[in-house]
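**Student:** Encoded as structure tokens, here's the structure I'll be asking about.
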Amino acid sequence: MSSLRPSGGARPLLRVVPPPGADATEGDSALFALHDIDVRYGRVPALTHVTLSIHAGERVALIGANGSGKSTLLRVLHGLAPHAAGAFASQVPPQGQAMLFQRPHMLRMSVRNNVALALWLHGVRWRKAQQDAVAALGQVGLAGEAGRNARTLSGGQQQRVALARAWALKPAVLLLDEPTASLDPTAKREVEALIADAAHGRTLVFASHNLGQVKRLASRVIYLEHGRVLADLPVQDFFNGPLPEEARQFVKGELA
């Protein structure tokens, strides 16, 4: 375990714990390495002095209140949010990662073609893409809905289609932004189980407000507040050890 001083010196406790055998520094072993990253939307800071690294096989949960920077951090990892300052390095080629959003966008076409199009854009011939799409839909229990208009599906079914779309690409890294936040309890359980299956052999980084889900899926927890990383700990240490006061209040449900 190595401890790093939080950027700006504003708050204590920033601990970065790499997986067994990985270098604790931001070296060549990191899939993603961020050093002193700042992201702004106009004049509004979204991330401030963020320094961390993510290694292959980790299951990293990003938690914090709305506006804490979770979604922005995911977008930085996926190349969707340019940073105003700092350095970002990725060892993952664009086709090696996939991102799921809280509310997935479904094109006005069949469920099968929504998945097949992603494969076709990655160079798979259309007929093969449709075959692979049906196979991926089978993995999420939606093969029987392949011919249905994707926009007529329930929220839980659309999220499963989005997961199938990502799964079909066989990414090494899955980035998930609140993938079960808008779903009913049954759909939450179904999608979470599918995420757990999809995470086998992959690196998983996901944002969530569901602390039970974090405990079940994550090996590491990063707590953000106002765009800063205040805690970065193994999941057991995060929920059972000392925390910065803001993180402690968040876990107890006391932070507004």
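In the structure tokens, the first chain shown is A, the next is B, and so on; residue numbers restart at 1 for each chain, and ligands run from 1 in the order shown.
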May I have the residues within 8 Å of A:His209 as a PyMOL selection string, using only C-alpha atoms and disregarding those fewer than 6 positions away in the same chain?
**Tutor:** chain A and resi 63-65+178+181
**Student:** Please produce a file of those selected residues containing N, CA and C atoms, as a JSON list (two decimals), in the first residue's frame.
**Tutor:**
```json
[["chain", "number", "residue", "atom", "x", "y", "z"],
["A", 63, "ILE", "N", -17.69, 6.55, -6.33],
["A", 63, "ILE", "CA", -18.86, 6.97, -5.56],
["A", 63, "ILE", "C", -18.70, 8.43, -5.15],
["A", 64, "GLY", "N", -19.82, 9.02, -4.78],
["A", 64, "GLY", "CA", -19.85, 10.42, -4.38],
["A", 64, "GLY", "C", -21.20, 11.00, -4.75],
["A", 65, "ALA", "N", -21.49, 12.16, -4.22],
["A", 65, "ALA", "CA", -22.77, 12.81, -4.49],
["A", 65, "ALA", "C", -22.87, 13.23, -5.95],
["A", 178, "GLU", "N", -23.55, 4.65, -13.69],
["A", 178, "GLU", "CA", -24.82, 4.41, -12.99],
["A", 178, "GLU", "C", -25.71, 3.46, -13.80],
["A", 181, "ALA", "N", -29.26, 2.84, -12.09],
["A", 181, "ALA", "CA", -29.85, 3.91, -11.28],
["A", 181, "ALA", "C", -31.33, 4.14, -11.54]]
```
**Student:** Determine, counting only C-alpha atoms, which protein, DNA and RNA residues have an atom within 9 Å of an atom of A:Val229; residues of the same chain fewer than 3 positions away are not included. Present the result as a VMD selection string.
**Tutor:** chain A and resid 6 to 7 14 47 to 52 222 to 226 232
**Student:** Restricting the calculation to only C-alpha atoms, which member of A:Ala118, A:Leu107, A:Leu174, A:Ala193 is positioned closest to A:Asn149?
**Tutor:**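 Nearest to A:Asn149: A:Leu107.
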**Student:** Report, in Å with one decimal, the straight-line distance from atom CA of A:His200 to atom CA of A:Ala133.
**Tutor:**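 Here the two named atoms are 20.0 Å from each other.
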**Student:** Would you list the contacts of A:Ala162 as a list in words, taking every protein, DNA or RNA residue within 9 Å and counting only C-alpha atoms, but skipping same-chain residues closer than 5 positions in sequence?
**Tutor:** Leu100, Phe101, Pro104, His105, Met106, Asn114, Val115, Gln157 and Trp167 of chain A
**Student:** DSSP on the backbone, helix (DSSP H, G or I) only: what residues of stretch 83-249 of chain A does that give? Format it as number ranges by chain.
**Tutor:** A: 94-96, 111-121, 126-139, 143-145, 150-152, 155-168, 185-198, 211-217, 235-240, 245-249
